[in-house]
$ cat my_file.pdb   # PDB, C-alpha atoms
ATOM      1  CA  MET W   1     -15.172 -45.780  25.543
ATOM      2  CA  LEU W   2     -16.409 -49.325  26.111
ATOM      3  CA  GLU W   3     -13.708 -51.458  27.643
ATOM      4  CA  GLU W   4     -13.174 -54.957  28.954
ATOM      5  CA  LYS W   5     -10.818 -56.212  31.642
ATOM      6  CA  ASN W   6      -8.770 -58.506  29.420
ATOM      7  CA  THR W   7      -6.721 -57.544  26.391
ATOM      8  CA  LEU W   8      -8.714 -57.852  23.158
ATOM      9  CA  LEU W   9      -6.875 -59.668  20.338
ATOM     10  CA  ILE W  10      -7.911 -58.537  16.858
ATOM     11  CA  ASN W  11      -6.732 -60.168  13.645
ATOM     12  CA  GLN W  12      -6.582 -58.863  10.089
ATOM     13  CA  SER W  13      -9.838 -60.419   8.908
ATOM     14  CA  THR W  14     -11.744 -58.722  11.738
ATOM     15  CA  ILE W  15     -10.170 -55.363  10.884
ATOM     16  CA  LYS W  16     -11.278 -55.776   7.264
ATOM     17  CA  GLU W  17     -14.782 -56.603   8.459
ATOM     18  CA  LEU W  18     -14.997 -53.470  10.614
ATOM     19  CA  LEU W  19     -13.493 -50.804   8.294
ATOM     20  CA  ASP W  20     -13.990 -49.793   4.679
ATOM     21  CA  VAL W  21     -11.883 -47.486   2.508
ATOM     22  CA  GLY W  22     -13.948 -44.446   3.456
ATOM     23  CA  ASP W  23     -13.367 -45.176   7.147
ATOM     24  CA  PHE W  24      -9.596 -45.139   6.649
ATOM     25  CA  ASN W  25      -9.773 -41.786   4.854
ATOM     26  CA  ASP W  26     -12.036 -40.260   7.507
ATOM     27  CA  ILE W  27      -9.914 -41.448  10.453
ATOM     28  CA  VAL W  28      -6.700 -40.214   8.857
ATOM     29  CA  HIS W  29      -8.323 -36.824   8.163
ATOM     30  CA  LYS W  30      -9.415 -36.457  11.810
ATOM     31  CA  THR W  31      -5.949 -37.459  12.971
ATOM     32  CA  PHE W  32      -4.258 -34.919  10.711
ATOM     33  CA  GLN W  33      -6.537 -32.318  12.307
ATOM     34  CA  GLY W  34      -5.396 -33.519  15.732
ATOM     35  CA  LEU W  35      -1.770 -33.170  14.698
ATOM     36  CA  GLY W  36      -2.596 -29.658  13.552
ATOM     37  CA  ASP W  37      -4.228 -28.519  16.784
ATOM     38  CA  GLY W  38      -1.890 -30.363  19.158
ATOM     39  CA  THR W  39      -4.436 -32.816  20.581
ATOM     40  CA  VAL W  40      -2.558 -35.684  18.943
ATOM     41  CA  ILE W  41       0.907 -36.340  20.404
ATOM     42  CA  ASN W  42       3.355 -38.117  18.116
ATOM     43  CA  PRO W  43       7.034 -38.481  19.094
ATOM     44  CA  PRO W  44       9.424 -39.264  16.234
ATOM     45  CA  LYS W  45       9.671 -42.952  15.384
ATOM     46  CA  LEU W  46      12.654 -44.957  16.623
ATOM     47  CA  THR W  47      14.331 -47.425  14.253
ATOM     48  CA  LEU W  48      16.076 -50.683  15.048
ATOM     49  CA  ASP W  49      18.244 -51.485  12.017
ATOM     50  CA  LEU W  50      18.475 -55.247  11.526
ATOM     51  CA  GLY W  51      20.629 -55.128   8.427
ATOM     52  CA  GLU W  52      18.450 -53.006   6.148
ATOM     53  CA  THR W  53      21.404 -50.725   5.426
ATOM     54  CA  GLY W  54      23.901 -53.567   5.185
ATOM     55  CA  GLY W  55      25.231 -53.505   8.745
ATOM     56  CA  PHE W  56      25.116 -56.036  11.587
ATOM     57  CA  PRO W  57      23.034 -58.195  11.985
ATOM     58  CA  SER W  58      22.601 -59.066   8.316
ATOM     59  CA  TYR W  59      18.867 -59.849   8.259
ATOM     60  CA  GLU W  60      17.944 -57.255   5.601
ATOM     61  CA  GLY W  61      15.295 -55.711   7.793
ATOM     62  CA  PHE W  62      14.313 -53.016  10.250
ATOM     63  CA  MET W  63      11.736 -52.375  12.963
ATOM     64  CA  ASN W  64      10.192 -49.032  13.922
ATOM     65  CA  ALA W  65       8.654 -48.169  17.294
ATOM     66  CA  MET W  66       5.889 -45.585  16.749
ATOM     67  CA  PRO W  67       3.989 -44.340  19.836
ATOM     68  CA  ALA W  68       1.135 -41.826  19.884
ATOM     69  CA  TYR W  69      -1.714 -40.387  21.946
ATOM     70  CA  ILE W  70      -4.986 -39.590  20.163
ATOM     71  CA  GLY W  71      -6.922 -36.797  21.845
ATOM     72  CA  TRP W  72     -10.131 -37.177  19.874
ATOM     73  CA  GLN W  73     -10.384 -40.787  21.090
ATOM     74  CA  ASP W  74      -8.525 -40.436  24.411
ATOM     75  CA  ILE W  75      -6.406 -43.506  23.690
ATOM     76  CA  ALA W  76      -2.687 -44.191  23.424
ATOM     77  CA  GLY W  77      -0.725 -46.891  21.720
ATOM     78  CA  LEU W  78       2.369 -48.107  19.931
ATOM     79  CA  LYS W  79       2.924 -49.642  16.536
ATOM     80  CA  TRP W  80       5.886 -52.018  16.257
ATOM     81  CA  VAL W  81       6.430 -52.350  12.523
ATOM     82  CA  GLY W  82       9.136 -53.307  10.107
ATOM     83  CA  GLY W  83      10.052 -54.547   6.683
ATOM     84  CA  PHE W  84      12.189 -57.573   5.883
ATOM     85  CA  LEU W  85      13.649 -59.075   2.738
ATOM     86  CA  GLY W  86      16.171 -61.924   3.079
ATOM     87  CA  GLU W  87      14.760 -64.956   4.884
ATOM     88  CA  ARG W  88      11.267 -63.429   5.151
ATOM     89  CA  LYS W  89      11.086 -63.011   1.386
ATOM     90  CA  LYS W  90      12.330 -66.580   0.859
ATOM     91  CA  ALA W  91       9.548 -67.764   3.186
ATOM     92  CA  ASP W  92       7.051 -66.007   0.865
ATOM     93  CA  LEU W  93       5.895 -63.679   3.630
ATOM     94  CA  PRO W  94       4.783 -60.064   2.966
ATOM     95  CA  TYR W  95       7.469 -57.399   3.291
ATOM     96  CA  ILE W  96       5.634 -55.534   6.087
ATOM     97  CA  THR W  97       5.214 -57.072   9.539
ATOM     98  CA  ALA W  98       3.442 -55.141  12.300
ATOM     99  CA  MET W  99       1.549 -55.201  15.580
ATOM    100  CA  ILE W 100      -0.324 -52.391  17.328
ATOM    101  CA  LEU W 101      -0.746 -52.250  21.112
ATOM    102  CA  LEU W 102      -3.369 -49.971  22.679
ATOM    103  CA  ILE W 103      -3.469 -48.778  26.282
ATOM    104  CA  ASN W 104      -5.930 -46.975  28.488
ATOM    105  CA  PRO W 105      -4.009 -43.700  29.038
ATOM    106  CA  HIS W 106      -5.602 -43.207  32.468
ATOM    107  CA  LEU W 107      -4.577 -46.599  33.881
ATOM    108  CA  GLY W 108      -1.810 -47.822  31.603
ATOM    109  CA  THR W 109      -3.623 -51.121  31.089
ATOM    110  CA  PHE W 110      -3.203 -52.869  27.729
ATOM    111  CA  THR W 111      -6.617 -52.886  26.130
ATOM    112  CA  ALA W 112      -5.915 -54.421  22.714
ATOM    113  CA  ALA W 113      -3.334 -56.046  20.466
ATOM    114  CA  LEU W 114      -4.022 -55.867  16.738
ATOM    115  CA  ASP W 115      -2.458 -57.002  13.507
ATOM    116  CA  GLY W 116      -0.772 -53.906  12.093
ATOM    117  CA  ALA W 117       0.217 -54.857   8.546
ATOM    118  CA  TYR W 118      -3.147 -54.199   6.888
ATOM    119  CA  ILE W 119      -3.627 -50.963   8.842
ATOM    120  CA  THR W 120      -0.107 -49.844   7.857
ATOM    121  CA  ASN W 121      -0.717 -50.402   4.169
ATOM    122  CA  MET W 122      -4.162 -48.796   4.136
ATOM    123  CA  ARG W 123      -3.233 -45.747   6.179
ATOM    124  CA  THR W 124      -0.221 -45.161   3.925
ATOM    125  CA  GLY W 125      -2.611 -44.783   1.021
ATOM    126  CA  ALA W 126      -5.068 -42.726   3.067
ATOM    127  CA  GLN W 127      -2.321 -40.259   3.969
ATOM    128  CA  THR W 128      -1.691 -39.573   0.272
ATOM    129  CA  ALA W 129      -5.427 -39.376  -0.449
ATOM    130  CA  ASN W 130      -5.985 -36.835   2.305
ATOM    131  CA  ALA W 131      -2.958 -34.791   1.298
ATOM    132  CA  LEU W 132      -4.515 -34.543  -2.153
ATOM    133  CA  ARG W 133      -7.814 -33.596  -0.509
ATOM    134  CA  TYR W 134      -6.038 -30.544   0.945
ATOM    135  CA  LEU W 135      -3.960 -29.679  -2.133
ATOM    136  CA  VAL W 136      -6.085 -30.374  -5.214
ATOM    137  CA  LYS W 137      -9.120 -28.246  -6.018
ATOM    138  CA  LYS W 138     -10.514 -30.314  -8.884
ATOM    139  CA  PRO W 139     -12.451 -33.604  -8.848
ATOM    140  CA  SER W 140     -10.366 -35.425 -11.455
ATOM    141  CA  ILE W 141      -6.621 -36.121 -11.519
ATOM    142  CA  THR W 142      -4.018 -38.108 -13.447
ATOM    143  CA  ILE W 143      -1.487 -40.215 -11.546
ATOM    144  CA  GLY W 144       1.967 -41.513 -12.411
ATOM    145  CA  MET W 145       2.665 -44.514 -10.164
ATOM    146  CA  PHE W 146       6.225 -45.737  -9.688
ATOM    147  CA  GLY W 147       6.026 -49.174  -8.101
ATOM    148  CA  ALA W 148       3.368 -51.857  -8.250
ATOM    149  CA  GLY W 149       3.299 -53.475  -4.824
ATOM    150  CA  MET W 150       0.829 -53.464  -1.965
ATOM    151  CA  GLN W 151       1.242 -49.782  -1.102
ATOM    152  CA  ALA W 152       0.759 -48.788  -4.723
ATOM    153  CA  SER W 153      -2.579 -50.597  -4.533
ATOM    154  CA  THR W 154      -3.673 -48.978  -1.280
ATOM    155  CA  ASN W 155      -2.747 -45.531  -2.601
ATOM    156  CA  ILE W 156      -5.016 -46.016  -5.601
ATOM    157  CA  LEU W 157      -7.822 -47.545  -3.522
ATOM    158  CA  THR W 158      -7.909 -44.628  -1.093
ATOM    159  CA  ILE W 159      -7.350 -41.884  -3.663
ATOM    160  CA  SER W 160     -10.157 -43.248  -5.840
ATOM    161  CA  ASN W 161     -12.462 -42.908  -2.819
ATOM    162  CA  LEU W 162     -11.958 -39.126  -2.938
ATOM    163  CA  PHE W 163     -11.103 -38.397  -6.600
ATOM    164  CA  ASP W 164     -11.900 -39.518 -10.104
ATOM    165  CA  ILE W 165      -8.646 -40.898 -11.551
ATOM    166  CA  SER W 166      -8.930 -40.054 -15.237
ATOM    167  CA  GLU W 167      -5.624 -41.749 -16.088
ATOM    168  CA  LEU W 168      -3.206 -43.977 -14.191
ATOM    169  CA  ILE W 169       0.247 -44.456 -15.726
ATOM    170  CA  VAL W 170       2.229 -47.277 -14.134
ATOM    171  CA  TRP W 171       5.973 -47.894 -14.222
ATOM    172  CA  ASN W 172       7.726 -50.694 -12.366
ATOM    173  CA  HIS W 173      11.178 -52.208 -12.756
ATOM    174  CA  ARG W 174       9.433 -55.516 -13.573
ATOM    175  CA  ARG W 175       6.794 -54.968 -16.237
ATOM    176  CA  SER W 176       4.951 -58.171 -15.320
ATOM    177  CA  SER W 177       4.237 -56.782 -11.832
ATOM    178  CA  ALA W 178       3.015 -53.506 -13.338
ATOM    179  CA  GLU W 179       0.668 -55.390 -15.665
ATOM    180  CA  LYS W 180      -0.783 -57.412 -12.775
ATOM    181  CA  PHE W 181      -1.242 -54.209 -10.783
ATOM    182  CA  ALA W 182      -3.047 -52.588 -13.717
ATOM    183  CA  GLU W 183      -5.366 -55.593 -13.985
ATOM    184  CA  ASP W 184      -6.098 -55.475 -10.245
ATOM    185  CA  MET W 185      -6.931 -51.755 -10.411
ATOM    186  CA  LYS W 186      -9.168 -51.813 -13.503
ATOM    187  CA  ASP W 187     -12.375 -51.854 -11.435
ATOM    188  CA  VAL W 188     -11.093 -49.131  -9.084
ATOM    189  CA  VAL W 189      -9.883 -46.554 -11.611
ATOM    190  CA  SER W 190     -12.625 -44.924 -13.670
ATOM    191  CA  GLY W 191     -10.238 -43.751 -16.398
ATOM    192  CA  LYS W 192      -7.663 -45.568 -18.482
ATOM    193  CA  ILE W 193      -4.628 -47.391 -17.111
ATOM    194  CA  ARG W 194      -1.361 -47.533 -19.049
ATOM    195  CA  VAL W 195       1.722 -49.584 -18.257
ATOM    196  CA  VAL W 196       4.902 -47.981 -19.577
ATOM    197  CA  ASP W 197       8.531 -49.080 -19.851
ATOM    198  CA  ASP W 198       9.910 -45.527 -19.773
ATOM    199  CA  ALA W 199       9.877 -43.889 -16.334
ATOM    200  CA  GLU W 200       9.883 -40.462 -17.957
ATOM    201  CA  GLU W 201       6.548 -41.214 -19.598
ATOM    202  CA  ALA W 202       5.020 -42.005 -16.201
ATOM    203  CA  SER W 203       6.177 -38.630 -14.894
ATOM    204  CA  GLN W 204       3.815 -36.749 -17.209
ATOM    205  CA  ALA W 205       0.869 -36.668 -14.803
ATOM    206  CA  ASP W 206      -0.675 -34.305 -12.242
ATOM    207  CA  VAL W 207       0.461 -36.441  -9.312
ATOM    208  CA  LEU W 208       3.581 -38.627  -9.098
ATOM    209  CA  ILE W 209       3.757 -41.302  -6.398
ATOM    210  CA  THR W 210       6.843 -43.396  -5.706
ATOM    211  CA  VAL W 211       6.450 -46.538  -3.603
ATOM    212  CA  THR W 212       9.621 -48.491  -4.325
ATOM    213  CA  PRO W 213      12.681 -49.712  -2.391
ATOM    214  CA  ALA W 214      14.948 -47.759  -4.778
ATOM    215  CA  GLN W 215      18.105 -46.306  -3.272
ATOM    216  CA  GLU W 216      18.939 -44.267  -6.368
ATOM    217  CA  PRO W 217      16.684 -41.661  -8.008
ATOM    218  CA  ILE W 218      14.038 -42.903 -10.427
ATOM    219  CA  ILE W 219      12.512 -39.511 -11.288
ATOM    220  CA  LYS W 220      14.782 -36.959 -12.957
ATOM    221  CA  THR W 221      14.449 -33.286 -12.151
ATOM    222  CA  GLU W 222      14.035 -32.207 -15.776
ATOM    223  CA  TRP W 223      11.048 -34.536 -16.259
ATOM    224  CA  VAL W 224       8.843 -32.780 -13.704
ATOM    225  CA  LYS W 225       6.787 -29.908 -15.057
ATOM    226  CA  PRO W 226       5.182 -27.026 -13.102
ATOM    227  CA  GLY W 227       1.828 -27.979 -11.620
ATOM    228  CA  THR W 228       3.036 -31.423 -10.549
ATOM    229  CA  ILE W 229       2.704 -32.769  -7.005
ATOM    230  CA  VAL W 230       5.339 -35.392  -6.154
ATOM    231  CA  PHE W 231       4.939 -37.906  -3.312
ATOM    232  CA  PRO W 232       8.274 -39.683  -2.668
ATOM    233  CA  LEU W 233       6.953 -42.297  -0.226
ATOM    234  CA  GLY W 234       9.820 -44.799  -0.264
ATOM    235  CA  SER W 235      12.302 -45.027   2.567
ATOM    236  CA  PHE W 236      15.319 -44.068   0.476
ATOM    237  CA  GLN W 237      16.035 -41.751  -2.467
ATOM    238  CA  GLU W 238      13.540 -42.074  -5.325
ATOM    239  CA  ILE W 239      13.867 -38.496  -6.615
ATOM    240  CA  GLU W 240      16.902 -36.335  -7.321
ATOM    241  CA  ASP W 241      18.115 -33.863  -4.715
ATOM    242  CA  ASP W 242      17.920 -31.082  -7.289
ATOM    243  CA  LEU W 243      14.176 -31.662  -7.641
ATOM    244  CA  ILE W 244      13.744 -31.119  -3.913
ATOM    245  CA  LEU W 245      15.884 -27.973  -3.958
ATOM    246  CA  LYS W 246      14.000 -26.701  -7.016
ATOM    247  CA  ALA W 247      10.552 -27.322  -5.493
ATOM    248  CA  ASP W 248       8.378 -24.285  -4.841
ATOM    249  CA  LYS W 249       6.736 -25.888  -1.812
ATOM    250  CA  ILE W 250       7.703 -28.763   0.484
ATOM    251  CA  ILE W 251       4.842 -30.073   2.624
ATOM    252  CA  VAL W 252       5.178 -32.814   5.252
ATOM    253  CA  ASP W 253       3.146 -34.540   7.957
ATOM    254  CA  HIS W 254       5.786 -34.465  10.724
ATOM    255  CA  VAL W 255       8.632 -31.977  10.305
ATOM    256  CA  GLU W 256      11.269 -33.658  12.479
ATOM    257  CA  GLN W 257      10.669 -37.114  11.026
ATOM    258  CA  ALA W 258      10.448 -35.993   7.417
ATOM    259  CA  LEU W 259      13.719 -34.073   7.573
ATOM    260  CA  HIS W 260      15.652 -37.064   8.864
ATOM    261  CA  ARG W 261      14.109 -39.942   6.898
ATOM    262  CA  GLY W 262      13.474 -40.806   3.276
ATOM    263  CA  ALA W 263      13.835 -38.260   0.483
ATOM    264  CA  LEU W 264      14.874 -35.290   2.646
ATOM    265  CA  LYS W 265      17.399 -37.072   4.861
ATOM    266  CA  HIS W 266      20.418 -36.650   2.589
ATOM    267  CA  LEU W 267      19.969 -32.904   2.076
ATOM    268  CA  THR W 268      19.265 -32.337   5.776
ATOM    269  CA  ASN W 269      22.450 -34.163   6.758
ATOM    270  CA  GLU W 270      24.424 -31.999   4.319
ATOM    271  CA  GLY W 271      22.980 -28.809   5.818
ATOM    272  CA  LYS W 272      21.177 -27.882   2.586
ATOM    273  CA  LEU W 273      17.684 -28.290   4.025
ATOM    274  CA  SER W 274      16.088 -27.370   7.343
ATOM    275  CA  GLU W 275      12.752 -26.657   8.989
ATOM    276  CA  ASP W 276      12.860 -23.227   7.344
ATOM    277  CA  ASN W 277      12.398 -24.934   3.962
ATOM    278  CA  ILE W 278       9.126 -26.611   4.983
ATOM    279  CA  PHE W 279       6.187 -24.621   3.645
ATOM    280  CA  THR W 280       3.547 -26.142   5.949
ATOM    281  CA  THR W 281       2.289 -29.404   7.411
ATOM    282  CA  LEU W 282      -0.652 -31.570   6.471
ATOM    283  CA  GLY W 283      -2.091 -31.014   9.940
ATOM    284  CA  GLU W 284      -2.209 -27.258   9.395
ATOM    285  CA  LEU W 285      -3.797 -27.796   5.981
ATOM    286  CA  ALA W 286      -6.376 -30.200   7.458
ATOM    287  CA  LEU W 287      -7.434 -27.512   9.941
ATOM    288  CA  GLU W 288      -7.265 -24.822   7.235
ATOM    289  CA  LYS W 289      -4.782 -22.909   9.379
ATOM    290  CA  THR W 290      -2.805 -22.487   6.174
ATOM    291  CA  SER W 291      -3.479 -22.960   2.487
ATOM    292  CA  ALA W 292      -1.178 -24.300  -0.186
ATOM    293  CA  GLY W 293      -2.722 -21.820  -2.594
ATOM    294  CA  ASP W 294      -2.732 -22.206  -6.352
ATOM    295  CA  LEU W 295      -0.253 -24.961  -7.244
ATOM    296  CA  SER W 296      -0.820 -24.882 -10.996
ATOM    297  CA  ASN W 297       2.543 -23.209 -11.645
ATOM    298  CA  ASP W 298       4.433 -24.831  -8.761
ATOM    299  CA  ILE W 299       6.417 -27.992  -8.292
ATOM    300  CA  THR W 300       5.235 -29.362  -4.959
ATOM    301  CA  ILE W 301       6.940 -32.071  -2.921
ATOM    302  CA  CYS W 302       4.612 -33.676  -0.375
ATOM    303  CA  ILE W 303       5.952 -36.219   2.104
ATOM    304  CA  PRO W 304       3.576 -37.948   4.516
ATOM    305  CA  ILE W 305       6.460 -39.924   5.995
ATOM    306  CA  GLY W 306       4.079 -41.857   8.249
ATOM    307  CA  THR W 307       3.175 -41.378  11.894
ATOM    308  CA  GLY W 308       2.168 -43.839  14.577
ATOM    309  CA  ALA W 309      -0.781 -41.569  15.299
ATOM    310  CA  MET W 310      -2.548 -42.780  12.161
ATOM    311  CA  ASP W 311      -2.143 -46.429  13.128
ATOM    312  CA  VAL W 312      -3.172 -45.906  16.748
ATOM    313  CA  ALA W 313      -6.224 -43.858  15.745
ATOM    314  CA  ILE W 314      -7.375 -46.509  13.279
ATOM    315  CA  ALA W 315      -6.740 -49.259  15.822
ATOM    316  CA  GLY W 316      -8.783 -47.292  18.364
ATOM    317  CA  VAL W 317     -11.808 -47.234  16.076
ATOM    318  CA  VAL W 318     -11.408 -50.949  15.340
ATOM    319  CA  TYR W 319     -11.172 -51.701  19.077
ATOM    320  CA  LYS W 320     -14.364 -49.807  19.877
ATOM    321  CA  ARG W 321     -16.311 -51.442  17.043
ATOM    322  CA  ALA W 322     -14.992 -54.899  17.957
ATOM    323  CA  LEU W 323     -16.202 -54.464  21.525
ATOM    324  CA  GLU W 324     -19.614 -53.280  20.365
ATOM    325  CA  LYS W 325     -19.986 -56.282  18.032
ATOM    326  CA  ASN W 326     -18.355 -58.803  20.375
ATOM    327  CA  LEU W 327     -15.594 -59.612  17.880
ATOM    328  CA  GLY W 328     -11.994 -60.612  18.481
ATOM    329  CA  GLY W 329     -10.409 -62.880  21.047
ATOM    330  CA  SER W 330      -9.606 -62.083  24.663
ATOM    331  CA  PHE W 331      -6.585 -62.853  26.804
ATOM    332  CA  ASP W 332      -5.746 -62.206  30.447
ATOM    333  CA  PHE W 333      -2.043 -61.367  30.573
ATOM    334  CA  GLU W 334      -2.173 -61.033  34.350
ATOM    335  CA  GLY W 335      -3.737 -64.458  34.880
TER     336      GLY W 335
END
$ encode --input "my_file.pdb" --output "structure tokens"
Amino acid sequence: MLEEKNTLLINQSTIKELLDVGDFNDIVHKTFQGLGDGTVINPPKLTLDLGETGGFPSYEGFMNAMPAYIGWQDIAGLKWVGGFLGERKKADLPYITAMILLINPHLGTFTAALDGAYITNMRTGAQTANALRYLVKKPSITIGMFGAGMQASTNILTISNLFDISELIVWNHRRSSAEKFAEDMKDVVSGKIRVVDDAEEASQADVLITVTPAQEPIIKTEWVKPGTIVFPLGSFQEIEDDLILKADKIIVDHVEQALHRGALKHLTNEGKLSEDNIFTTLGELALEKTSAGDLSNDITICIPIGTGAMDVAIAGVVYKRALEKNLGGSFDFEG
């Protein structure tokens, strides 16, 4: 890999200049393959709770430390990422805040520091898109989207790069936000877009995606019909426990993380769910080590909980392209 002595500083506008939607999908796919064959190393993320769950200090936020080594690029790095409401929301700043640091794994030198918010949002969508690449055997799908924020947008952007979305049904607790989201997505989605007030109506689709901060279930077990793939992507509890227990297949990106975060955390803590309940991982599916088989009669829960490997891999590609095109700033931290 090309490399310079100083640390390269890369902002969000440069990242957008160097990567398109297809690039995000391709990099995430390669990284899932690396997770599957063991050439990508991804320890579980570590969380610093800054009041997200109501404890001390009361800043209504959290930060995650997410390290990884990417074998297919021979790079290593760390994403330091979090989400904040409270004062950050009052300041009209985006919920997600993030930085990515890359190192040369041979020398331990810091090669780059990048904005991580845009990469976080885009790779979140690309994870869903690639999961569908492995699970769905038809070119056209319908989607029920619960939530209408940034990550709802990036999910649709990346999925539409791989699939024809014949119908997008949108539910959000504020209808005005759902209507704006629908307007923003009208040139991305080839089929029709409907905004609904009834969450049950949004659940009548091939694929259900939840990207909300809800701490109580939005989707009821009895609403979900066989043949549905459910992606509970929020950090808390957007689907009922019974739906998880009823599922025919549970598929995750990182077993240890997925069991102890988000939708599966509660059942794992109660001893009702364990590694034995995980059907396979997205890495194994990406390598075709396993197959999900025919899902037309199954209820499938798929949880790409999010790994630092995706962020580090994307940052690695950005770093290489920035060097080649002489983009980004440079700083000597040892000077």
$ residues_near_point --input "my_file.pdb" --point "(7.9, -48.7, 15.0)" --cutoff "10 Å" --atoms "all atoms listed in the file" --output "list in words"
Pro44, Lys45, Leu46, Thr47, Leu48, Phe62, Met63, Asn64, Ala65, Met66, Pro67, Leu78, Lys79, Trp80, Val81, Gly82, Ala98, Met99, Ile100, Thr307 and Gly308 of chain W
$ residues_around --input "my_file.pdb" --residues "Glu183 of chain W" --least-positions-apart "3" --cutoff "12 Å" --atoms "only C-alpha atoms" --output "JSON, numbers by chain"
{"W": [148, 153, 168, 170, 176, 177, 178, 179, 180, 186, 187, 188, 189, 192, 193, 194, 195]}
$ residues_around --input "my_file.pdb" --residues "Ile244 of chain W" --least-positions-apart "4" --cutoff "12 Å" --atoms "only C-alpha atoms" --output "number ranges by chain"
W: 217, 219-222, 224, 229-232, 237-240, 248-251, 259, 263-268, 272-273, 277-278, 299-303
$ resolve_selection --input "my_file.pdb" --expression "the PyMOL selection byres ((chain W and resi 94) around 10)" --output "PyMOL selection string"
chain W and resi 83-85+88-89+91-93+95-97+117+150
$ write_last_selection --input "my_file.pdb" --atoms "C-alpha atoms" --output "JSON list (two decimals), in the coordinates of the input"
[["chain", "number", "residue", "atom", "x", "y", "z"],
["W", 83, "GLY", "CA", 10.05, -54.55, 6.68],
["W", 84, "PHE", "CA", 12.19, -57.57, 5.88],
["W", 85, "LEU", "CA", 13.65, -59.08, 2.74],
["W", 88, "ARG", "CA", 11.27, -63.43, 5.15],
["W", 89, "LYS", "CA", 11.09, -63.01, 1.39],
["W", 91, "ALA", "CA", 9.55, -67.76, 3.19],
["W", 92, "ASP", "CA", 7.05, -66.01, 0.86],
["W", 93, "LEU", "CA", 5.90, -63.68, 3.63],
["W", 95, "TYR", "CA", 7.47, -57.40, 3.29],
["W", 96, "ILE", "CA", 5.63, -55.53, 6.09],
["W", 97, "THR", "CA", 5.21, -57.07, 9.54],
["W", 117, "ALA", "CA", 0.22, -54.86, 8.55],
["W", 150, "MET", "CA", 0.83, -53.46, -1.96]]
$ closest_residue --input "my_file.pdb" --among "W:Glu167, W:Asp197, W:Lys138, W:Phe236" --to "Asp294 of chain W" --atoms "only C-alpha atoms"
W:Lys138
$ atom_distance --input "my_file.pdb" --atom1 "atom CA of Leu35 of chain W" --atom2 "atom CA of Thr109 of chain W"
24.4 Å
$ resolve_selection --input "my_file.pdb" --expression "the PyMOL selection byres ((chain W and resi 142) around 7)" --output "list in words"
Ile141, Ile143, Gly144, Ile165, Ser166, Glu167, Leu168, Ala205, Asp206 and Val207 of chain W
$ atom_distance --input "my_file.pdb" --atom1 "atom CA of Leu233 of chain W" --atom2 "atom CA of Thr210 of chain W"
5.6 Å
$ resolve_selection --input "my_file.pdb" --expression "the PyMOL selection byres ((chain W and resi 36) around 7)" --output "list of chain:residue names"
W:Phe32, W:Gln33, W:Gly34, W:Leu35, W:Asp37, W:Gly38, W:Gly283, W:Glu284, W:Leu287
$ residues_around --input "my_file.pdb" --residues "Ile119 of chain W" --least-positions-apart "4" --cutoff "8 Å" --atoms "all atoms listed in the file" --output "list of chain:residue names"
W:Asp115, W:Arg123, W:Asp311, W:Ile314, W:Ala315
$ closest_residue --input "my_file.pdb" --among "W:Glu288, W:Asp20, W:Asp298, W:Glu200" --to "Thr154 of chain W" --atoms "all atoms listed in the file"
W:Asp20
$ residues_near_point --input "my_file.pdb" --point "(-7.4, -27.0, -0.4)" --cutoff "8 Å" --atoms "all atoms listed in the file" --output "ChimeraX atom specification"
/W:133-137,285,288,291-293
$ closest_residue --input "my_file.pdb" --among "W:Leu101, W:Ile218, W:Leu162, W:Met185" --to "Phe146 of chain W" --atoms "only C-alpha atoms"
W:Ile218
$ closest_residue --input "my_file.pdb" --among "W:Thr280, W:Gln257, W:Ser296, W:Thr14" --to "Leu114 of chain W" --atoms "all atoms listed in the file"
W:Thr14
$ atom_distance --input "my_file.pdb" --atom1 "atom CA of Arg321 of chain W" --atom2 "atom CA of Leu18 of chain W"
6.9 Å
$ closest_residue --input "my_file.pdb" --among "W:Ala129, W:Met310, W:Val255, W:Ala322" --to "Ala68 of chain W" --atoms "all atoms listed in the file"
W:Met310
$ build_atoms --input "my_file.pdb" --residues "segment 81-88 of chain W" --atoms "N, CA and C atoms" --output "PDB file, keeping the file's coordinate frame"
ATOM      1  N   VAL W  81       6.576 -52.000  13.935  1.00  0.00           N
ATOM      2  CA  VAL W  81       6.430 -52.350  12.523  1.00  0.00           C
ATOM      3  C   VAL W  81       7.782 -52.384  11.828  1.00  0.00           C
ATOM      4  N   GLY W  82       7.901 -53.266  10.860  1.00  0.00           N
ATOM      5  CA  GLY W  82       9.136 -53.307  10.107  1.00  0.00           C
ATOM      6  C   GLY W  82       8.943 -53.915   8.734  1.00  0.00           C
ATOM      7  N   GLY W  83      10.037 -53.936   7.997  1.00  0.00           N
ATOM      8  CA  GLY W  83      10.052 -54.547   6.683  1.00  0.00           C
ATOM      9  C   GLY W  83      11.279 -55.427   6.559  1.00  0.00           C
ATOM     10  N   PHE W  84      11.096 -56.608   5.992  1.00  0.00           N
ATOM     11  CA  PHE W  84      12.189 -57.573   5.883  1.00  0.00           C
ATOM     12  C   PHE W  84      12.223 -58.199   4.496  1.00  0.00           C
ATOM     13  N   LEU W  85      13.418 -58.294   3.955  1.00  0.00           N
ATOM     14  CA  LEU W  85      13.649 -59.075   2.738  1.00  0.00           C
ATOM     15  C   LEU W  85      14.324 -60.380   3.197  1.00  0.00           C
ATOM     16  N   GLY W  86      15.404 -60.780   2.587  1.00  0.00           N
ATOM     17  CA  GLY W  86      16.171 -61.924   3.079  1.00  0.00           C
ATOM     18  C   GLY W  86      15.326 -63.162   3.328  1.00  0.00           C
ATOM     19  N   GLU W  87      15.442 -63.705   4.542  1.00  0.00           N
ATOM     20  CA  GLU W  87      14.760 -64.956   4.884  1.00  0.00           C
ATOM     21  C   GLU W  87      13.243 -64.809   4.835  1.00  0.00           C
ATOM     22  N   ARG W  88      12.718 -63.635   5.190  1.00  0.00           N
ATOM     23  CA  ARG W  88      11.267 -63.429   5.151  1.00  0.00           C
ATOM     24  C   ARG W  88      10.751 -63.527   3.718  1.00  0.00           C
TER      25      ARG W  88
END
